[in-house]
$ cat run-v6.txt   # compact mmCIF, C-alpha atoms
# COMPACT_ATOMS: atom_id res chain seq x y z
CA MET A 1 22.71 -61.44 61.79
CA SER A 2 20.24 -64.33 61.79
CA GLU A 3 21.32 -67.64 63.26
CA ARG A 4 20.96 -69.26 59.86
CA LEU A 5 23.22 -66.73 58.18
CA GLY A 6 25.67 -67.12 61.04
CA ARG A 7 25.81 -70.88 60.46
CA LEU A 8 26.35 -70.40 56.72
CA ALA A 9 29.19 -67.97 57.53
CA VAL A 10 30.81 -70.56 59.82
CA ILE A 11 30.51 -73.24 57.13
CA ALA A 12 32.06 -70.85 54.60
CA THR A 13 34.93 -70.08 56.97
CA VAL A 14 35.66 -73.73 57.75
CA ALA A 15 35.55 -74.60 54.04
CA GLY A 16 37.85 -71.68 53.21
CA VAL A 17 40.33 -72.56 55.98
CA PHE A 18 40.81 -76.13 54.84
CA SER A 19 40.72 -75.56 51.10
CA GLY A 20 43.31 -72.82 51.61
CA LEU A 21 45.52 -74.98 53.84
CA PHE A 22 45.34 -78.33 52.11
CA GLY A 23 44.13 -77.47 48.62
CA ILE A 24 41.18 -79.79 49.18
CA GLY A 25 37.91 -78.40 47.91
CA GLY A 26 35.65 -77.25 50.68
CA GLY A 27 33.04 -79.78 49.58
CA THR A 28 34.14 -82.39 52.08
CA VAL A 29 33.01 -80.12 54.93
CA ILE A 30 30.23 -78.12 53.23
CA VAL A 31 28.04 -81.15 52.43
CA PRO A 32 28.04 -82.77 55.91
CA LEU A 33 27.67 -79.44 57.72
CA LEU A 34 24.65 -78.48 55.59
CA ILE A 35 23.09 -81.85 56.41
CA LEU A 36 23.92 -82.08 60.11
CA TRP A 37 23.70 -78.43 61.04
CA LEU A 38 21.10 -76.90 58.74
CA GLY A 39 18.86 -79.93 58.26
CA TYR A 40 19.44 -80.27 54.52
CA GLY A 41 18.49 -83.43 52.66
CA GLU A 42 21.52 -85.26 51.22
CA ARG A 43 20.77 -84.42 47.58
CA GLU A 44 19.99 -80.81 48.43
CA ALA A 45 23.30 -80.54 50.30
CA THR A 46 25.31 -81.83 47.34
CA GLY A 47 23.56 -79.51 44.86
CA THR A 48 24.02 -76.48 47.10
CA SER A 49 27.63 -77.43 47.81
CA LEU A 50 28.34 -77.41 44.07
CA ALA A 51 26.99 -73.84 43.82
CA ALA A 52 29.32 -72.79 46.65
CA ILE A 53 32.26 -74.60 45.03
CA ALA A 54 31.62 -72.79 41.72
CA VAL A 55 32.22 -69.48 43.51
CA ILE A 56 35.13 -70.75 45.63
CA ALA A 57 36.87 -72.33 42.62
CA ALA A 58 36.33 -69.24 40.46
CA LEU A 59 37.89 -66.98 43.11
CA ALA A 60 40.81 -69.36 43.65
CA ALA A 61 41.35 -69.95 39.92
CA GLY A 62 41.46 -66.17 39.44
CA ALA A 63 44.14 -65.89 42.11
CA HIS A 64 46.17 -68.71 40.53
CA ALA A 65 45.81 -67.12 37.09
CA LEU A 66 47.47 -63.93 38.40
CA TYR A 67 50.57 -66.04 39.04
CA GLY A 68 50.34 -67.80 35.69
CA ASN A 69 49.41 -71.15 37.23
CA VAL A 70 46.38 -71.87 35.04
CA ASP A 71 46.61 -73.77 31.74
CA PRO A 72 43.27 -73.16 29.94
CA LEU A 73 43.84 -75.83 27.26
CA ALA A 74 44.59 -78.48 29.88
CA ALA A 75 41.56 -77.33 31.87
CA LEU A 76 39.45 -77.87 28.76
CA LEU A 77 40.96 -81.33 28.14
CA ILE A 78 40.19 -82.58 31.64
CA GLY A 79 37.14 -80.36 32.16
CA LEU A 80 35.10 -81.68 29.22
CA PRO A 81 35.04 -85.30 30.40
CA ALA A 82 34.50 -84.00 33.93
CA VAL A 83 31.39 -82.12 32.82
CA GLY A 84 30.19 -85.36 31.20
CA GLY A 85 30.91 -87.12 34.49
CA VAL A 86 28.96 -84.65 36.58
CA LEU A 87 25.93 -85.00 34.28
CA ALA A 88 26.12 -88.78 34.68
CA GLY A 89 26.78 -88.51 38.42
CA THR A 90 23.86 -86.20 39.18
CA ALA A 91 21.53 -88.41 37.10
CA LEU A 92 22.77 -91.53 38.93
CA GLN A 93 22.41 -89.80 42.30
CA GLN A 94 18.67 -89.29 41.75
CA ARG A 95 18.24 -93.07 41.55
CA ILE A 96 19.98 -94.08 44.76
CA PRO A 97 18.54 -93.64 48.27
CA GLU A 98 19.62 -90.52 50.16
CA ARG A 99 21.07 -92.60 52.98
CA ALA A 100 23.34 -94.30 50.43
CA VAL A 101 24.64 -90.85 49.50
CA ALA A 102 25.31 -90.20 53.20
CA GLY A 103 27.04 -93.58 53.51
CA VAL A 104 29.31 -92.97 50.51
CA PHE A 105 30.15 -89.55 51.88
CA ALA A 106 31.00 -90.92 55.32
CA ALA A 107 33.37 -93.45 53.70
CA LEU A 108 34.97 -90.67 51.65
CA LEU A 109 35.53 -88.60 54.81
CA VAL A 110 37.16 -91.52 56.62
CA ALA A 111 39.44 -92.18 53.63
CA SER A 112 40.38 -88.52 53.42
CA ALA A 113 41.12 -88.40 57.17
CA ILE A 114 43.37 -91.48 56.88
CA VAL A 115 45.30 -89.96 53.95
CA LEU A 116 45.73 -86.74 55.92
CA VAL A 117 47.09 -88.49 59.02
CA LEU A 118 49.47 -90.83 57.18
CA MET B 119 51.00 -86.38 24.14
CA GLU B 120 50.54 -90.12 23.82
CA ALA B 121 47.17 -91.79 23.32
CA GLY B 122 47.46 -93.52 26.70
CA ASP B 123 47.91 -90.20 28.48
CA LEU B 124 44.92 -88.71 26.68
CA LEU B 125 42.78 -91.71 27.63
CA GLY B 126 43.96 -91.45 31.22
CA LEU B 127 43.11 -87.76 31.31
CA LEU B 128 39.62 -88.39 29.90
CA ALA B 129 38.99 -91.25 32.35
CA ILE B 130 40.14 -89.39 35.45
CA GLY B 131 38.22 -86.27 34.38
CA PHE B 132 35.05 -88.32 33.96
CA ALA B 133 35.59 -90.01 37.34
CA ALA B 134 36.12 -86.63 39.04
CA GLY B 135 32.87 -85.35 37.54
CA MET B 136 30.98 -88.48 38.63
CA LEU B 137 32.28 -87.99 42.17
CA GLY B 138 31.14 -84.38 42.07
CA GLY B 139 27.68 -85.35 40.86
CA ILE B 140 27.17 -88.08 43.43
CA VAL B 141 28.65 -86.50 46.57
CA GLY B 142 28.83 -82.78 45.75
CA VAL B 143 32.57 -82.19 45.95
CA GLY B 144 34.64 -80.41 43.32
CA GLY B 145 36.70 -83.44 42.36
CA GLY B 146 40.07 -81.73 42.83
CA VAL B 147 41.22 -84.82 44.70
CA LEU B 148 41.27 -86.62 41.31
CA LEU B 149 41.79 -83.69 38.91
CA VAL B 150 45.05 -82.51 40.47
CA PRO B 151 46.89 -85.88 40.36
CA GLY B 152 45.40 -86.48 36.89
CA LEU B 153 47.01 -83.31 35.54
CA VAL B 154 50.32 -84.12 37.24
CA ILE B 155 50.45 -87.73 36.02
CA PHE B 156 49.06 -87.46 32.49
CA LEU B 157 50.12 -83.93 31.47
CA GLY B 158 53.24 -83.57 33.58
CA GLU B 159 52.05 -80.32 35.18
CA SER B 160 53.70 -79.08 38.36
CA GLN B 161 51.65 -79.44 41.56
CA LEU B 162 50.97 -75.69 41.64
CA GLU B 163 49.95 -75.49 37.98
CA ALA B 164 47.77 -78.57 38.39
CA GLU B 165 45.97 -76.91 41.30
CA GLY B 166 45.30 -73.74 39.32
CA THR B 167 44.22 -75.65 36.23
CA SER B 168 41.98 -78.04 38.17
CA LEU B 169 40.22 -75.09 39.80
CA LEU B 170 39.28 -73.71 36.38
CA ALA B 171 37.94 -77.11 35.29
CA MET B 172 36.10 -77.35 38.61
CA VAL B 173 34.21 -74.10 37.91
CA ALA B 174 32.65 -75.73 34.83
CA VAL B 175 31.89 -78.96 36.70
CA ALA B 176 30.33 -77.14 39.65
CA VAL B 177 28.21 -74.78 37.52
CA VAL B 178 26.86 -77.63 35.38
CA GLY B 179 26.32 -79.90 38.40
CA ALA B 180 24.56 -77.22 40.45
CA THR B 181 22.37 -76.26 37.50
CA ARG B 182 21.44 -79.88 36.95
CA GLN B 183 20.64 -80.39 40.64
CA GLY B 184 18.55 -77.22 40.44
CA GLY B 185 16.52 -78.89 37.73
CA TYR B 186 15.93 -81.84 40.07
CA GLY B 187 14.85 -79.44 42.84
CA ASN B 188 17.99 -80.02 44.91
CA LEU B 189 19.54 -76.57 44.98
CA ARG B 190 19.27 -73.72 47.50
CA LEU B 191 21.09 -71.21 45.35
CA ARG B 192 21.12 -68.35 47.84
CA ASP B 193 22.71 -70.44 50.60
CA GLY B 194 25.29 -71.82 48.17
CA LEU B 195 26.26 -68.37 46.96
CA VAL B 196 26.50 -67.07 50.55
CA VAL B 197 28.90 -69.90 51.48
CA GLY B 198 30.95 -69.30 48.31
CA ILE B 199 31.17 -65.54 48.71
CA LEU B 200 32.10 -65.72 52.42
CA SER B 201 34.74 -68.45 51.97
CA PRO B 202 37.63 -65.96 51.60
CA LEU B 203 37.06 -65.25 55.33
CA GLY B 204 38.31 -68.77 55.91
CA VAL B 205 41.32 -68.39 53.65
CA GLY B 206 42.39 -65.41 55.78
CA ALA B 207 41.75 -67.34 59.00
CA GLY B 208 43.70 -70.29 57.58
CA THR B 209 46.73 -68.10 56.94
CA VAL B 210 46.66 -66.95 60.57
CA LEU B 211 46.34 -70.57 61.78
CA ALA B 212 49.14 -71.75 59.51
CA ASN B 213 51.45 -69.15 61.03
CA ASN B 214 50.62 -70.11 64.60
CA LEU B 215 50.17 -73.89 64.56
CA SER B 216 52.31 -76.71 63.24
CA GLU B 217 51.26 -78.33 59.96
CA ARG B 218 50.86 -81.62 61.81
CA ALA B 219 48.45 -80.09 64.31
CA LEU B 220 46.37 -78.67 61.46
CA GLU B 221 46.32 -82.01 59.63
CA LEU B 222 45.26 -83.87 62.76
CA SER B 223 42.52 -81.37 63.58
CA PHE B 224 41.12 -81.52 60.04
CA ALA B 225 41.22 -85.33 60.14
CA ALA B 226 39.40 -85.25 63.50
CA LEU B 227 36.73 -82.94 62.09
CA GLN B 228 36.25 -85.25 59.09
CA LEU B 229 35.90 -88.32 61.32
CA TYR B 230 33.38 -86.50 63.49
CA LEU B 231 31.32 -85.52 60.43
CA ALA B 232 31.57 -89.09 59.08
CA TYR B 233 30.21 -90.36 62.40
CA GLY B 234 27.30 -87.91 62.21
CA LEU B 235 26.44 -88.91 58.63
CA ALA B 236 26.72 -92.64 59.35
CA ARG B 237 24.51 -92.35 62.42
CA ARG B 238 21.94 -90.45 60.38
CA ALA B 239 22.07 -92.99 57.53
CA LEU B 240 21.53 -95.87 59.97
CA ARG B 241 18.71 -94.07 61.74
CA SER B 242 16.88 -93.29 58.49
CA ALA B 243 17.24 -96.96 57.51
CA ASN B 244 14.80 -97.62 60.37
CA PRO B 245 12.76 -94.45 60.59
CA PRO B 246 10.82 -94.01 63.84
CA GLU B 247 8.19 -92.09 61.92
CA PRO B 248 7.54 -91.27 58.27
CA THR B 249 9.78 -88.49 57.02
CA ASN B 250 10.18 -86.80 53.69
CA GLY B 251 13.81 -87.98 53.55
$ encode --input "run-v6.txt" --output "structure tokens"
Amino acid sequence: MSERLGRLAVIATVAGVFSGLFGIGGGTVIVPLLILWLGYGEREATGTSLAAIAVIAALAAGAHALYGNVDPLAALLIGLPAVGGVLAGTALQQRIPERAVAGVFAALLVASAIVLVL
Amino acid sequence: MEAGDLLGLLAIGFAAGMLGGIVGVGGGVLLVPGLVIFLGESQLEAEGTSLLAMVAVAVVGATRQGGYGNLRLRDGLVVGILSPLGVGAGTVLANNLSERALELSFAALQLYLAYGLARRALRSANPPEPTNG
């Protein structure tokens, strides 16, 4: 196994551990680990993280659906504006400096850590 | 459903998508409480429902980032496909460690990653040499 693949496997495991335990999407760890550990640019890390999340969320949604915990109509109601939001967000992200993306992410991580500890 | 609830749902959905587009997370942190508050779903149902909405957000966001040249699809798919390894490992951890210990260790990891990102952001504000960043 190449070192690179090994690192991706570790990132996947860490993301899976915490999304499984706390229900938080793995994105909060995938993005910084891709940047700090695999040398990704900030924008590249967020785009690649979304691809990973698509798979993670699909697997998890499938598992929840088996237990009848998915409401497709509600998902559509909140999902449609969310898709609009992600189109706006990705467009906006192209116009701000990459270090601003890193700064926003660092603030988000600190906030999330505080919520977790309280 | 009242108009206020519908508006709230639309607003929090949009905000979750924006967050996903800007920082690359799924937005569950906003979608789940949104479904609980405005649709009265149970926590469990809100989690399942938000995951389905998140699939659409993540696919559209990743595709869009791909168009901007910001997607390494193979790496993303590898991380996604291997993530169930972590869910299994998490179950083992949950059975052997207290919830508090797990919360504190995740918080510590997040703070460490925040430190790394902040240091990098400050360094690239004053680059020692030209970079492509």
$ closest_residue --input "run-v6.txt" --among "B:Gly131, B:Gly166, B:Gly142, B:Gly198" --to "Arg43 (chain A)" --atoms "only C-alpha atoms"
B:Gly142
$ atom_distance --input "run-v6.txt" --atom1 "CA of Tyr233 (chain B)" --atom2 "CA of Pro97 (chain A)"
18.6 Å
$ closest_residue --input "run-v6.txt" --among "B:Ser168, B:Leu124, B:Glu159, B:Val178" --to "Gly85 (chain A)" --atoms "all atoms listed in the file"
B:Val178
$ residues_around --input "run-v6.txt" --residues "region 101-113 of chain A" --least-positions-apart "4" --cutoff "9 Å" --atoms "all atoms listed in the file" --output "number ranges by chain"
A: 28-29, 31-32, 42-43, 93, 96-97, 117-118; B: 140-141, 221-222, 224-229, 231-236, 238-240
$ residues_around --input "run-v6.txt" --residues "Ala176 (chain B)" --least-positions-apart "4" --cutoff "9 Å" --atoms "all atoms listed in the file" --output "PDB file with C-alpha atoms, in the coordinates of the input"
ATOM      1  CA  GLY A  47      23.560 -79.510  44.860  1.00  0.00           C
ATOM      2  CA  SER A  49      27.630 -77.430  47.810  1.00  0.00           C
ATOM      3  CA  LEU A  50      28.340 -77.410  44.070  1.00  0.00           C
ATOM      4  CA  ALA A  51      26.990 -73.840  43.820  1.00  0.00           C
ATOM      5  CA  ALA A  52      29.320 -72.790  46.650  1.00  0.00           C
ATOM      6  CA  ILE A  53      32.260 -74.600  45.030  1.00  0.00           C
ATOM      7  CA  ALA A  54      31.620 -72.790  41.720  1.00  0.00           C
ATOM      8  CA  VAL A  55      32.220 -69.480  43.510  1.00  0.00           C
ATOM      9  CA  ALA A  57      36.870 -72.330  42.620  1.00  0.00           C
ATOM     10  CA  VAL A  83      31.390 -82.120  32.820  1.00  0.00           C
ATOM     11  CA  VAL A  86      28.960 -84.650  36.580  1.00  0.00           C
TER      12      VAL A  86
ATOM     13  CA  GLY B 135      32.870 -85.350  37.540  1.00  0.00           C
ATOM     14  CA  GLY B 138      31.140 -84.380  42.070  1.00  0.00           C
ATOM     15  CA  GLY B 139      27.680 -85.350  40.860  1.00  0.00           C
ATOM     16  CA  GLY B 142      28.830 -82.780  45.750  1.00  0.00           C
ATOM     17  CA  VAL B 143      32.570 -82.190  45.950  1.00  0.00           C
ATOM     18  CA  GLY B 144      34.640 -80.410  43.320  1.00  0.00           C
ATOM     19  CA  ALA B 171      37.940 -77.110  35.290  1.00  0.00           C
ATOM     20  CA  MET B 172      36.100 -77.350  38.610  1.00  0.00           C
ATOM     21  CA  ALA B 180      24.560 -77.220  40.450  1.00  0.00           C
ATOM     22  CA  THR B 181      22.370 -76.260  37.500  1.00  0.00           C
TER      23      THR B 181
END
$ atom_distance --input "run-v6.txt" --atom1 "CA of Gly152 (chain B)" --atom2 "CA of Ser19 (chain A)"
18.5 Å
$ atom_distance --input "run-v6.txt" --atom1 "CA of Leu127 (chain B)" --atom2 "CA of Leu170 (chain B)"
15.4 Å
$ residues_around --input "run-v6.txt" --residues "Val196 (chain B)" --least-positions-apart "6" --cutoff "12 Å" --atoms "all atoms listed in the file" --output "ChimeraX atom specification"
/A:4-13,30,48-49,51-56 /B:190,202-203
$ residues_near_point --input "run-v6.txt" --point "(37.8, -90.5, 28.4)" --cutoff "10 Å" --atoms "only C-alpha atoms" --output "PyMOL selection string"
(chain A and resi 77-78+80-82+84-85) or (chain B and resi 124-133)
$ closest_residue --input "run-v6.txt" --among "A:Glu44, A:Tyr67, A:Phe22, A:Gln94" --to "chain B" --atoms "only C-alpha atoms"
A:Glu44
$ closest_residue --input "run-v6.txt" --among "B:Gly185, B:Leu195, B:Gly158, B:Met119" --to "chain A" --atoms "only C-alpha atoms"
B:Leu195
